[in-house]
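Here's model.cif, which has mmCIF, C-alpha atoms:
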data_input
loop_
_atom_site.label_atom_id
_atom_site.label_comp_id
_atom_site.auth_asym_id
_atom_site.auth_seq_id
_atom_site.Cartn_x
_atom_site.Cartn_y
_atom_site.Cartn_z
CA MET L 1 -55.94 5.34 29.75
CA THR L 2 -53.07 5.62 32.20
CA LYS L 3 -49.94 3.58 31.74
CA ARG L 4 -50.33 0.05 32.99
CA HIS L 5 -48.22 -2.03 35.30
CA SER L 6 -45.16 -3.44 33.57
CA ASN L 7 -46.74 -6.89 33.41
CA VAL L 8 -49.76 -5.61 31.48
CA ARG L 9 -49.54 -4.55 27.85
CA PRO L 10 -50.55 -0.88 27.43
CA ASP L 11 -52.68 -1.73 24.36
CA CYS L 12 -54.53 -4.57 26.11
CA TYR L 13 -58.12 -3.86 27.15
CA PHE L 14 -60.59 -6.00 29.01
CA GLN L 15 -64.13 -6.38 27.79
CA ALA L 16 -66.20 -4.25 30.17
CA VAL L 17 -69.98 -4.21 30.34
CA LEU L 18 -71.82 -1.61 32.42
CA LEU L 19 -74.86 -3.01 34.24
CA ARG L 20 -75.92 -0.07 36.39
CA PHE L 21 -74.68 3.24 37.72
CA GLU L 22 -76.07 5.16 40.69
CA VAL L 23 -75.07 8.60 41.94
CA SER L 24 -76.20 11.09 44.56
CA ASN L 25 -75.10 14.62 45.40
CA HIS L 26 -73.25 15.39 42.19
CA ARG L 27 -73.95 18.72 40.46
CA SER L 28 -77.73 18.91 39.88
CA VAL L 29 -78.28 15.36 41.21
CA LEU L 30 -79.13 15.41 44.94
CA ASP L 31 -81.04 12.23 45.79
CA PRO L 32 -79.89 8.94 44.24
CA VAL L 33 -80.64 8.35 40.56
CA GLU L 34 -79.89 5.09 38.78
CA LEU L 35 -79.12 4.37 35.13
CA SER L 36 -79.60 0.69 34.28
CA MET L 37 -78.28 -1.06 31.17
CA VAL L 38 -80.23 -4.24 31.91
CA ALA L 39 -82.69 -5.00 29.11
CA VAL L 40 -86.44 -5.09 29.76
CA ASP L 41 -87.41 -6.40 26.33
CA GLU L 42 -84.97 -9.27 25.88
CA ASP L 43 -86.26 -10.82 22.64
CA ARG L 44 -84.33 -8.74 20.13
CA PRO L 45 -80.89 -9.12 18.50
CA SER L 46 -79.37 -5.93 19.90
CA VAL L 47 -79.38 -7.08 23.55
CA ARG L 48 -76.44 -9.21 24.66
CA ALA L 49 -76.13 -12.31 26.82
CA PHE L 50 -73.00 -13.02 28.86
CA ASP L 51 -71.81 -16.15 30.62
CA ARG L 52 -72.73 -16.37 34.30
CA LEU L 53 -75.00 -13.35 33.96
CA PRO L 54 -78.75 -13.98 34.19
CA GLU L 55 -79.69 -10.59 32.74
CA ARG L 56 -79.40 -9.47 29.15
CA VAL L 57 -77.65 -6.17 28.59
CA LEU L 58 -78.26 -3.12 26.40
CA ALA L 59 -75.65 -1.75 24.02
CA VAL L 60 -77.20 1.73 23.81
CA ALA L 61 -78.92 4.19 26.15
CA GLY L 62 -80.10 7.72 25.32
CA ILE L 63 -80.94 10.37 27.92
CA TYR L 64 -83.51 13.05 27.02
CA GLY L 65 -84.68 16.11 28.90
CA ALA L 66 -85.24 19.83 28.75
CA ASN L 67 -82.31 22.23 28.87
CA ALA L 68 -80.78 22.42 32.37
CA SER L 69 -82.69 19.33 33.52
CA GLY L 70 -79.43 17.56 34.36
CA LYS L 71 -79.17 14.91 31.65
CA SER L 72 -75.52 15.74 31.01
CA ASN L 73 -74.78 15.61 34.73
CA VAL L 74 -75.83 11.96 34.92
CA ILE L 75 -73.14 10.76 32.51
CA GLU L 76 -70.73 13.44 33.75
CA ALA L 77 -70.91 11.77 37.17
CA LEU L 78 -69.80 8.47 35.62
CA ALA L 79 -67.03 10.30 33.78
CA TRP L 80 -65.97 11.86 37.12
CA LEU L 81 -65.75 8.43 38.75
CA SER L 82 -63.70 7.08 35.86
CA ALA L 83 -61.31 10.04 36.05
CA ALA L 84 -61.08 9.65 39.85
CA VAL L 85 -59.80 6.09 39.40
CA ARG L 86 -57.21 7.24 36.87
CA ARG L 87 -56.05 10.43 38.56
CA SER L 88 -56.51 10.47 42.34
CA LEU L 89 -53.13 8.91 43.12
CA ARG L 90 -51.20 11.48 41.10
CA ALA L 91 -53.38 14.56 41.19
CA TRP L 92 -55.46 14.69 44.38
CA GLU L 93 -53.53 16.00 47.34
CA ARG L 94 -55.18 18.48 49.69
CA PHE L 95 -58.82 17.99 48.81
CA ILE L 96 -61.18 16.08 46.53
CA PRO L 97 -62.43 17.94 43.42
CA ARG L 98 -66.05 16.92 43.77
CA ASP L 99 -68.97 19.11 42.69
CA PRO L 100 -71.89 18.57 45.10
CA PHE L 101 -75.43 19.92 44.82
CA LYS L 102 -75.09 23.60 45.69
CA PHE L 103 -78.35 24.14 47.57
CA GLY L 104 -79.69 22.98 50.93
CA ARG L 105 -77.84 20.03 52.45
CA GLY L 106 -75.79 19.32 49.34
CA PRO L 107 -72.45 20.94 50.33
CA GLN L 108 -72.48 19.28 53.76
CA GLN L 109 -73.33 15.71 52.81
CA PRO L 110 -71.12 13.14 51.03
CA SER L 111 -71.25 12.39 47.31
CA VAL L 112 -71.87 8.72 46.62
CA TYR L 113 -71.10 6.73 43.45
CA GLU L 114 -71.99 3.07 42.80
CA VAL L 115 -71.27 1.06 39.68
CA GLU L 116 -71.77 -2.56 38.63
CA MET L 117 -69.82 -3.94 35.69
CA VAL L 118 -68.92 -7.26 34.12
CA VAL L 119 -65.19 -7.30 33.37
CA ALA L 120 -63.49 -10.27 31.68
CA GLY L 121 -66.56 -12.35 32.47
CA VAL L 122 -66.73 -11.51 36.21
CA ARG L 123 -69.35 -9.29 37.79
CA TYR L 124 -68.09 -6.48 40.05
CA ALA L 125 -69.71 -3.88 42.28
CA TYR L 126 -67.88 -0.74 43.47
CA ARG L 127 -69.01 1.95 45.91
CA LEU L 128 -67.32 5.26 46.73
CA GLU L 129 -68.31 7.91 49.28
CA VAL L 130 -66.38 11.19 49.46
CA ASP L 131 -66.64 14.67 50.90
CA ASP L 132 -64.46 17.70 50.17
CA SER L 133 -61.48 16.54 52.21
CA ALA L 134 -61.36 12.74 52.22
CA VAL L 135 -62.55 9.37 51.02
CA LEU L 136 -65.08 8.24 53.62
CA PHE L 137 -65.79 4.75 52.30
CA GLU L 138 -64.64 2.63 49.38
CA GLY L 139 -65.49 -0.97 48.62
CA LEU L 140 -64.98 -3.43 45.77
CA TYR L 141 -66.88 -6.70 45.49
CA SER L 142 -66.86 -9.50 42.92
CA TYR L 143 -69.28 -12.31 42.08
CA PRO L 144 -67.15 -14.99 40.39
CA GLU L 145 -69.67 -17.73 41.22
CA ARG L 146 -72.71 -15.46 41.64
CA ARG L 147 -71.83 -15.16 45.32
CA ARG L 148 -70.60 -11.90 46.80
CA ARG L 149 -66.89 -11.75 47.58
CA VAL L 150 -65.35 -8.75 49.36
CA LEU L 151 -62.10 -7.79 47.62
CA PHE L 152 -61.47 -4.76 49.82
CA GLU L 153 -63.28 -2.30 52.05
CA ARG L 154 -61.92 1.00 53.26
CA GLU L 155 -63.14 3.43 55.91
CA GLY L 156 -60.93 6.47 56.18
CA LEU L 157 -57.37 5.16 56.02
CA ASP L 158 -58.29 1.73 57.39
CA VAL L 159 -58.21 -0.79 54.52
CA ARG L 160 -59.07 -4.48 54.74
CA PHE L 161 -58.13 -6.72 51.80
CA ARG L 162 -59.48 -10.19 51.10
CA ARG L 163 -57.15 -12.98 52.10
CA GLY L 164 -55.01 -13.96 49.15
CA LEU L 165 -54.57 -10.42 47.82
CA GLY L 166 -51.13 -10.06 49.35
CA THR L 167 -49.75 -8.35 46.26
CA LEU L 168 -51.86 -5.32 47.18
CA SER L 169 -50.21 -4.83 50.59
CA GLY L 170 -48.07 -2.05 49.13
CA THR L 171 -51.22 -0.10 48.34
CA LYS L 172 -51.41 1.09 51.95
CA GLU L 173 -48.07 2.88 51.62
CA LEU L 174 -49.45 4.95 48.73
CA LEU L 175 -52.71 5.80 50.44
CA THR L 176 -53.62 9.33 51.55
CA PRO L 177 -57.00 10.67 52.72
CA THR L 178 -57.76 11.76 49.14
CA THR L 179 -56.34 8.75 47.24
CA LEU L 180 -58.59 5.94 46.08
CA VAL L 181 -57.50 2.41 46.90
CA LEU L 182 -58.54 1.49 43.37
CA SER L 183 -56.12 4.07 41.93
CA ALA L 184 -53.22 2.76 43.99
CA ALA L 185 -54.12 -0.85 43.16
CA MET L 186 -53.63 -0.16 39.46
CA ARG L 187 -49.87 -0.19 40.13
CA PHE L 188 -49.86 -3.76 41.38
CA ASN L 189 -50.27 -6.91 39.35
CA GLU L 190 -53.40 -8.32 41.01
CA PRO L 191 -55.82 -9.34 38.24
CA GLN L 192 -58.89 -9.57 40.49
CA VAL L 193 -58.66 -5.83 41.17
CA GLN L 194 -56.50 -4.48 38.37
CA GLU L 195 -58.75 -5.62 35.54
CA PHE L 196 -61.74 -3.83 37.03
CA ALA L 197 -59.73 -0.70 37.84
CA PHE L 198 -58.42 -0.34 34.29
CA SER L 199 -61.88 -0.97 32.84
CA LEU L 200 -63.63 1.62 35.00
CA GLY L 201 -60.78 4.08 34.52
CA GLY L 202 -60.79 3.43 30.76
CA ILE L 203 -64.31 4.65 30.04
CA ALA L 204 -64.10 6.96 27.01
CA VAL L 205 -65.75 10.38 27.03
CA LEU L 206 -66.75 12.71 24.21
CA GLY L 207 -68.29 16.18 24.20
CA MET L 208 -67.85 16.90 27.90
CA GLN L 209 -64.78 19.12 28.17
CA ARG L 210 -66.64 22.37 28.68
CA ARG L 211 -68.87 20.84 31.37
CA ALA L 212 -66.15 19.41 33.58
CA PRO L 213 -64.00 22.12 35.21
CA TRP L 214 -62.50 19.49 37.54
CA ARG L 215 -60.71 18.06 34.49
CA ARG L 216 -58.73 21.27 34.06
CA ARG L 217 -58.21 22.16 37.72
CA PHE L 218 -57.24 18.81 39.14
CA GLY L 219 -54.80 17.06 36.87
CA ALA L 220 -56.86 16.04 33.88
CA GLU L 221 -55.13 14.83 30.77
CA GLY L 222 -53.77 17.60 28.59
CA PHE L 223 -54.05 18.11 24.89
CA GLY L 224 -51.93 15.52 23.10
CA VAL L 225 -52.40 13.27 20.16
CA THR L 226 -56.10 12.43 19.99
CA PRO L 227 -57.29 8.79 19.71
CA THR L 228 -58.33 9.44 16.11
CA GLU L 229 -54.99 10.98 15.13
CA LEU L 230 -53.22 8.01 16.69
CA LEU L 231 -55.12 5.60 14.43
CA PHE L 232 -54.01 7.51 11.34
CA GLU L 233 -50.50 8.12 12.64
CA ASP L 234 -49.85 4.43 13.30
CA ALA L 235 -50.76 3.68 9.69
CA ASP L 236 -50.01 0.03 8.94
CA SER L 237 -47.58 -0.55 11.81
CA TYR L 238 -49.92 -3.13 13.30
CA ARG L 239 -53.14 -4.83 12.36
CA GLN L 240 -56.04 -5.85 14.58
CA HIS L 241 -58.90 -8.25 14.05
CA SER L 242 -61.81 -7.02 11.99
CA LEU L 243 -65.03 -5.88 13.55
CA PHE L 244 -66.57 -8.68 11.52
CA GLU L 245 -65.62 -12.20 12.59
CA ASP L 246 -65.41 -13.66 9.10
CA PRO L 247 -62.31 -15.68 8.16
CA ASP L 248 -62.86 -14.86 4.49
CA LEU L 249 -62.44 -11.13 5.06
CA VAL L 250 -59.14 -9.31 4.69
CA TYR L 251 -58.59 -7.73 8.09
CA PRO L 252 -58.23 -3.95 7.81
CA SER L 253 -55.65 -1.96 9.68
CA PRO L 254 -56.82 0.60 12.27
CA ARG L 255 -56.04 3.31 9.74
CA GLU L 256 -58.19 1.66 7.09
CA SER L 257 -61.10 1.30 9.50
CA ALA L 258 -60.79 4.94 10.61
CA LEU L 259 -60.63 6.15 7.01
CA ALA L 260 -63.70 4.07 6.15
CA LEU L 261 -65.67 5.78 8.93
CA LEU L 262 -64.44 9.19 7.78
CA ARG L 263 -65.50 8.54 4.18
CA PHE L 264 -68.78 7.02 5.36
CA ALA L 265 -69.90 10.42 6.67
CA ASP L 266 -69.82 11.84 3.12
CA LEU L 267 -67.88 14.93 4.16
CA GLY L 268 -65.96 15.21 0.89
CA ILE L 269 -62.76 13.89 2.51
CA ASP L 270 -60.82 11.25 0.60
CA ASP L 271 -57.70 10.74 2.72
CA VAL L 272 -55.76 11.82 5.80
CA LYS L 273 -52.09 12.70 5.56
CA PHE L 274 -49.41 14.06 7.85
CA VAL L 275 -47.11 16.78 6.56
CA GLU L 276 -44.03 18.24 8.16
CA GLU L 277 -43.94 21.94 8.83
CA VAL L 278 -41.24 24.09 10.41
CA VAL L 279 -42.31 25.91 13.56
CA GLU L 280 -40.52 28.24 15.92
CA GLU L 281 -40.22 27.04 19.48
CA LYS L 282 -39.01 29.02 22.48
CA MET L 283 -35.93 27.59 24.09
CA VAL L 284 -36.13 26.37 27.66
CA MET L 285 -35.53 28.87 30.46
CA ALA L 286 -32.11 27.35 31.13
CA GLU L 287 -30.88 28.67 27.77
CA PRO L 288 -32.29 32.23 27.52
CA ASP L 289 -29.43 33.54 25.39
CA ARG L 290 -29.97 30.99 22.63
CA GLY L 291 -33.02 32.80 21.30
CA GLN L 292 -35.33 30.65 19.20
CA ARG L 293 -34.84 27.53 17.15
CA ARG L 294 -36.71 26.03 14.27
CA GLY L 295 -37.76 22.39 14.07
CA PRO L 296 -40.09 20.11 12.11
CA ARG L 297 -43.54 19.17 13.33
CA ARG L 298 -45.97 16.64 11.90
CA LYS L 299 -49.34 18.18 11.14
CA LEU L 300 -52.49 16.30 10.24
CA THR L 301 -54.37 17.35 7.12
CA LEU L 302 -57.62 16.16 5.59
CA VAL L 303 -57.39 15.66 1.84
CA HIS L 304 -60.35 16.69 -0.32
CA ARG L 305 -60.49 15.40 -3.88
CA VAL L 306 -62.44 17.48 -6.39
CA ARG L 307 -62.32 16.70 -10.12
CA GLY L 308 -59.03 14.88 -9.82
CA GLN L 309 -57.36 17.57 -7.70
CA ASP L 310 -56.21 16.78 -4.14
CA LEU L 311 -56.27 19.69 -1.71
CA PRO L 312 -55.24 19.29 1.96
CA PHE L 313 -57.07 21.22 4.70
CA ASP L 314 -56.06 21.69 8.32
CA LEU L 315 -58.55 20.18 10.74
CA GLU L 316 -59.22 23.67 12.13
CA GLU L 317 -60.40 24.77 8.66
CA GLU L 318 -63.13 22.14 8.57
CA SER L 319 -66.68 22.65 9.76
CA ILE L 320 -67.58 21.97 13.39
CA GLY L 321 -69.57 18.96 12.21
CA THR L 322 -66.55 17.50 10.44
CA GLN L 323 -64.35 18.13 13.48
CA THR L 324 -66.92 16.41 15.71
CA TRP L 325 -67.15 13.35 13.46
CA PHE L 326 -63.35 13.16 13.18
CA ALA L 327 -62.97 13.33 16.97
CA LEU L 328 -65.40 10.48 17.60
CA ILE L 329 -63.83 8.02 15.14
CA GLY L 330 -60.96 6.98 17.42
CA PRO L 331 -62.98 6.47 20.63
CA THR L 332 -65.73 4.71 18.68
CA LEU L 333 -63.39 2.24 16.96
CA ASN L 334 -61.48 1.62 20.19
CA ALA L 335 -64.73 0.89 22.02
CA LEU L 336 -66.06 -1.42 19.30
CA ARG L 337 -62.81 -3.35 18.99
CA SER L 338 -62.31 -3.96 22.71
CA GLY L 339 -65.83 -3.92 24.17
CA ARG L 340 -65.66 -0.71 26.21
CA VAL L 341 -68.06 1.98 27.40
CA LEU L 342 -68.29 5.27 25.49
CA LEU L 343 -70.05 8.32 26.94
CA PHE L 344 -71.15 11.00 24.48
CA ASP L 345 -72.65 14.26 25.72
CA GLU L 346 -74.96 15.94 23.18
CA ILE L 347 -74.50 13.43 20.40
CA ASP L 348 -76.60 15.64 18.13
CA ALA L 349 -74.38 18.73 18.51
CA SER L 350 -73.08 19.69 15.06
CA LEU L 351 -73.93 16.26 13.60
CA HIS L 352 -76.57 15.61 10.99
CA PRO L 353 -79.39 13.45 12.45
CA ARG L 354 -78.60 10.67 9.97
CA LEU L 355 -75.00 10.50 11.21
CA SER L 356 -76.15 10.34 14.83
CA ALA L 357 -78.51 7.52 13.90
CA ARG L 358 -75.77 5.60 12.09
CA LEU L 359 -73.49 5.91 15.11
CA VAL L 360 -76.20 4.48 17.35
CA GLU L 361 -76.74 1.62 14.89
CA LEU L 362 -73.02 0.74 14.94
CA PHE L 363 -73.36 -0.10 18.63
CA ASP L 364 -76.81 -1.69 18.38
CA ASP L 365 -75.88 -4.06 15.55
CA PRO L 366 -74.14 -7.27 16.78
CA ASP L 367 -72.31 -7.53 13.44
CA THR L 368 -70.50 -4.21 13.91
CA ASN L 369 -70.33 -4.54 17.70
CA PRO L 370 -69.36 -8.17 18.35
CA GLU L 371 -67.56 -7.36 21.61
CA GLY L 372 -70.59 -5.80 23.30
CA ALA L 373 -69.36 -2.18 23.52
CA GLN L 374 -71.85 0.30 24.97
CA LEU L 375 -72.80 3.84 23.95
CA ILE L 376 -74.51 6.11 26.50
CA PHE L 377 -75.43 9.54 25.20
CA THR L 378 -77.48 12.65 25.87
CA THR L 379 -79.43 14.41 23.14
CA HIS L 380 -82.31 16.67 22.13
CA ASP L 381 -82.68 14.88 18.78
CA THR L 382 -86.15 13.34 18.96
CA SER L 383 -85.66 11.61 15.58
CA LEU L 384 -83.27 9.21 17.34
CA LEU L 385 -86.24 7.89 19.30
CA ASN L 386 -87.24 6.09 16.10
CA HIS L 387 -84.04 4.05 16.45
CA LEU L 388 -84.37 3.25 20.17
CA ASN L 389 -86.38 0.73 22.13
CA ARG L 390 -88.33 1.86 25.18
CA ASP L 391 -85.75 0.38 27.62
CA GLU L 392 -82.99 2.39 25.88
CA VAL L 393 -84.61 5.75 26.67
CA TRP L 394 -84.15 7.72 29.91
CA LEU L 395 -85.76 11.03 30.89
CA THR L 396 -84.50 13.78 33.21
CA GLU L 397 -86.56 16.45 34.93
CA LYS L 398 -86.08 18.95 37.75
CA ASN L 399 -88.18 18.45 40.89
CA GLU L 400 -89.53 21.17 43.19
CA HIS L 401 -86.12 21.45 44.89
CA GLY L 402 -84.32 22.06 41.60
CA ALA L 403 -82.73 18.60 41.70
CA THR L 404 -82.51 16.15 38.80
CA THR L 405 -84.68 13.04 38.63
CA LEU L 406 -84.03 10.20 36.18
CA THR L 407 -86.76 7.88 34.93
CA GLY L 408 -86.56 5.00 32.48
CA LEU L 409 -89.19 5.14 29.76
CA ALA L 410 -89.85 1.43 30.31
CA GLU L 411 -91.03 2.26 33.83
CA TYR L 412 -94.17 3.90 32.42
CA GLY L 413 -97.09 1.47 32.56
CA GLY L 414 -99.96 0.53 30.30
CA ASP L 415 -100.42 1.71 26.73
CA LYS L 416 -98.43 4.87 27.40
CA VAL L 417 -95.28 3.13 26.31
CA ARG L 418 -96.23 -0.09 24.52
CA ARG L 419 -93.47 -1.35 22.28
CA SER L 420 -95.29 -0.41 19.07
CA LEU L 421 -95.75 3.21 20.15
CA ASN L 422 -94.25 6.02 18.06
CA LEU L 423 -91.87 7.25 20.76
CA GLU L 424 -90.88 10.47 18.99
CA ARG L 425 -94.47 11.65 18.55
CA ALA L 426 -95.46 10.66 22.10
CA TYR L 427 -92.43 12.43 23.58
CA LEU L 428 -93.07 15.67 21.67
CA GLN L 429 -96.69 15.55 22.81
CA GLY L 430 -95.42 15.66 26.39
CA ARG L 431 -96.80 12.27 27.37
CA PHE L 432 -93.67 11.43 29.35
CA GLY L 433 -92.71 14.92 30.56
CA ALA L 434 -89.02 15.88 30.20
CA VAL L 435 -89.84 18.59 27.64
CA PRO L 436 -89.52 22.37 28.09
CA ASP L 437 -92.54 24.16 29.55
CA LEU L 438 -92.75 27.19 27.28
CA ASP L 439 -95.25 29.94 28.14
CA GLN L 440 -95.58 31.99 24.96
CA PHE L 441 -97.94 34.51 26.54
CA LYS L 442 -95.52 35.37 29.37
CA LEU L 443 -92.73 35.85 26.84
CA ARG L 444 -94.84 38.17 24.68
CA ARG L 445 -95.80 40.25 27.72
CA ALA L 446 -92.16 40.46 28.90
CA LEU L 447 -91.17 41.71 25.45
CA GLY L 448 -93.89 44.36 25.59
CA LEU L 449 -95.89 42.79 22.76
CA VAL L 450 -99.08 42.64 24.85
CA SER L 451 -100.37 44.98 27.55
CA SER L 452 -99.41 44.21 31.15
CA ASP L 453 -103.05 43.86 32.18
CA ALA L 454 -104.00 41.55 29.30
#
Same coordinates, now as structure tokens:
Amino acid sequence: MTKRHSNVRPDCYFQAVLLRFEVSNHRSVLDPVELSMVAVDEDRPSVRAFDRLPERVLAVAGIYGANASGKSNVIEALAWLSAAVRRSLRAWERFIPRDPFKFGRGPQQPSVYEVEMVVAGVRYAYRLEVDDSAVLFEGLYSYPERRRRVLFEREGLDVRFRRGLGTLSGTKELLTPTTLVLSAAMRFNEPQVQEFAFSLGGIAVLGMQRRAPWRRRFGAEGFGVTPTELLFEDADSYRQHSLFEDPDLVYPSPRESALALLRFADLGIDDVKFVEEVVEEKMVMAEPDRGQRRGPRRKLTLVHRVRGQDLPFDLEEESIGTQTWFALIGPTLNALRSGRVLLFDEIDASLHPRLSARLVELFDDPDTNPEGAQLIFTTHDTSLLNHLNRDEVWLTEKNEHGATTLTGLAEYGGDKVRRSLNLERAYLQGRFGAVPDLDQFKLRRALGLVSSDA
């Protein structure tokens, strides 16, 4: 997350619950699609109830679909909106780094993003409309007493704030055609707006770097200390409450929790240590005649213990699966401890199915997820369907225009999707669509394995 206003602690997060997200004209999504985290089947322990909220909310949602059907683009759109809130003030100058649908009317029409969240017990709704050169509309609304309250609305550079939000008057001085009001408002100590801005901007993302060129081109965060490394680096410098609200438990440090998750994966790793190594660094351009200097650098190693012998490995020497699990530990623990949203693209990539299932269960189980954190992921792993309820499953397909459609499995009627149905078997049988249409005969003919007139 970006650095907070001086009156807000940088390690303080607000519990944030996603209710729904809608997007249109983003990558393969042309017409509006909506992802809802509102539970359909409410009578189970994994769904959460919140004060002043009539609906019950899901902790997990999985998006399935054939390759290139756009499932990753749905959560990538939410990641884009989160990054826009964090970065537009500092990084967007001449134009907006959106990625509209490339065919037909896509490049000419605006991209629209809508999100509803509960933050610190208050329901919010936010809408953003942009084209390549400017923010066309932006609005933030709250429902503190279940009645709609306009916090601000913006058309072009004309911004209207709700009476009583005088602390945000300085926002107008920071505004440009490409700057979000919500980004500028993060600099001012106005809780009604700031808490929502930090929560939306603080959505964590895993597995999406290669799919989001706007992150590299338009001021995305660089490579620094990862969230997982930070947990191990801080060691015992501070202690947080346990994931388990039991006064009889000894509360573990962040490092102890992270190490427990690392050992849980049964990767053969017993400990994590930092060692100092001497590296050569080029001097700055202002001192070209000084040559090179040598200095210490702390390097993370993963310690394997075999028959009483400890052997440290660099993270780069580990398998891709181990690197993936290590990378997700920090964002996962941070989400579970503070009640945040975590997006995970291709949760099954390089992970054993049992590990993917255990990760899903961490969020679904109220004992390990007491703060109501949410995990939204994409996957091809059909075995995970055995761990999901019908309202936790979403399906993407391409329509005749090549655009992505998104359908909740719970929207299917009748016995097609009764709660007792074996979802994995039904999905693989093609009963819900969203599976590849593979024509084996055409492939054999293209490879010259059958005659052209067969």
Inset, instruction - Can you turn the PyMOL selection byres ((chain L and resi 75-91) around 7) into a concrete residue list for this file, as a PyMOL selection string? - result: chain L and resi 2+26+72-74+92-93+179-180+182-184+197+200-203+205+218-219+343
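Each of L:Ala61, L:Leu30, L:Phe50, L:Gly121 was checked against Gln108 in chain L using all atoms listed in the file; the smallest atom-to-atom distance is that of L:Leu30.
Counting all atoms listed in the file, the residue from L:Gly62, L:Pro312, L:Pro191, L:Gly268 that sits nearest to Leu168 in chain L is L:Pro191.
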Inset, instruction - Tell me which protein, DNA and RNA residues are within 6 Å of range 67-69 of chain L, counting only C-alpha atoms, leaving out same-chain ones fewer than 3 positions away, and put them as a ChimeraX atom specification. - result: /L:396-398
How big is the axis-aligned box around the listed atoms of range 296-305 of chain L once 8 Å is added on each side, and where is its centre? Give both in Å to one decimal, as lines of an AutoDock Vina configuration file.
center_x = -50.3
center_y = 17.8
center_z = 4.7
size_x = 36.4
size_y = 20.7
size_z = 33.2
Legend entry - Best match for closeness to Ala349 in chain L among L:Val112, L:Val193, L:Leu206, L:Ala265, counting all atoms listed in the file: L:Leu206
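With all atoms listed in the file as the basis for measurement, L:Arg390 is the residue among L:Arg255, L:Arg98, L:Arg390, L:Arg297 that approaches Gly408 in chain L most closely.
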Legend entry - Distance query His401 in chain L at most 10 Å, all atoms listed in the file, self and fewer than 2 positions along chain excluded, as an MDAnalysis selection string: chainID L and resid 30 103:104 398:399 403:404
Legend entry - Within 9 Å of Arg298 in chain L using all atoms listed in the file, minus same-chain residues under 4 positions, as a PyMOL selection string: chain L and resi 274-278
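Checking L:Val306, L:Leu18, L:Leu328, L:Ile63 one by one against Leu395 in chain L, counting all atoms listed in the file, you find the shortest gap at L:Ile63.
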Inset, instruction - Between CA of Ala357 in chain L and CA of Asp266 in chain L, measure the distance and give it in Å to one decimal. - result: 14.5 Å
Legend entry - All residues 7 Å or closer to Val135 in chain L, only C-alpha atoms, same chain fewer than 5 positions away omitted, as number ranges by chain: L: 129-130, 156, 177-178
Those same residues, written as a JSON list (two decimals), in the frame of the given file with C-alpha atoms?
[["chain", "number", "residue", "atom", "x", "y", "z"],
["L", 129, "GLU", "CA", -68.31, 7.91, 49.28],
["L", 130, "VAL", "CA", -66.38, 11.19, 49.46],
["L", 156, "GLY", "CA", -60.93, 6.47, 56.18],
["L", 177, "PRO", "CA", -57.00, 10.67, 52.72],
["L", 178, "THR", "CA", -57.76, 11.76, 49.14]]
Would you be able to write out as a short mmCIF file (atom, residue, chain, number, x, y, z; two decimals) with C-alpha atoms, keeping the file's coordinate frame which residues have an atom within 9 Å of (-67.4, -7.6, 31.2) in the file's coordinates, counting only C-alpha atoms?
data_model
loop_
_atom_site.label_atom_id
_atom_site.label_comp_id
_atom_site.auth_asym_id
_atom_site.auth_seq_id
_atom_site.Cartn_x
_atom_site.Cartn_y
_atom_site.Cartn_z
CA PHE L 14 -60.59 -6.00 29.01
CA GLN L 15 -64.13 -6.38 27.79
CA ALA L 16 -66.20 -4.25 30.17
CA VAL L 17 -69.98 -4.21 30.34
CA LEU L 18 -71.82 -1.61 32.42
CA PHE L 50 -73.00 -13.02 28.86
CA MET L 117 -69.82 -3.94 35.69
CA VAL L 118 -68.92 -7.26 34.12
CA VAL L 119 -65.19 -7.30 33.37
CA ALA L 120 -63.49 -10.27 31.68
CA GLY L 121 -66.56 -12.35 32.47
CA VAL L 122 -66.73 -11.51 36.21
CA ARG L 123 -69.35 -9.29 37.79
CA TYR L 124 -68.09 -6.48 40.05
CA PHE L 196 -61.74 -3.83 37.03
CA SER L 199 -61.88 -0.97 32.84
CA GLY L 339 -65.83 -3.92 24.17
CA ARG L 340 -65.66 -0.71 26.21
CA GLY L 372 -70.59 -5.80 23.30
#
Inset, instruction - For Asp310 in chain L, list every protein, DNA or RNA residue within 12 Å, evaluated using all atoms listed in the file, and leave out those in the same chain fewer than 3 positions away; present the list as a PyMOL selection string. - result: chain L and resi 268-273+301-307+313
Keeping C-alpha atoms, export the residues of the selection given above as an mmCIF file, keeping the file's coordinate frame.
data_model
loop_
_atom_site.group_PDB
_atom_site.id
_atom_site.type_symbol
_atom_site.label_atom_id
_atom_site.label_comp_id
_atom_site.auth_asym_id
_atom_site.auth_seq_id
_atom_site.Cartn_x
_atom_site.Cartn_y
_atom_site.Cartn_z
ATOM 1 C CA GLY L 268 -65.960 15.210 0.890
ATOM 2 C CA ILE L 269 -62.760 13.890 2.510
ATOM 3 C CA ASP L 270 -60.820 11.250 0.600
ATOM 4 C CA ASP L 271 -57.700 10.740 2.720
ATOM 5 C CA VAL L 272 -55.760 11.820 5.800
ATOM 6 C CA LYS L 273 -52.090 12.700 5.560
ATOM 7 C CA THR L 301 -54.370 17.350 7.120
ATOM 8 C CA LEU L 302 -57.620 16.160 5.590
ATOM 9 C CA VAL L 303 -57.390 15.660 1.840
ATOM 10 C CA HIS L 304 -60.350 16.690 -0.320
ATOM 11 C CA ARG L 305 -60.490 15.400 -3.880
ATOM 12 C CA VAL L 306 -62.440 17.480 -6.390
ATOM 13 C CA ARG L 307 -62.320 16.700 -10.120
ATOM 14 C CA PHE L 313 -57.070 21.220 4.700
#
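Across the model, the gap from CA of Gly139 in chain L to CA of Pro331 in chain L is 29.1 Å.
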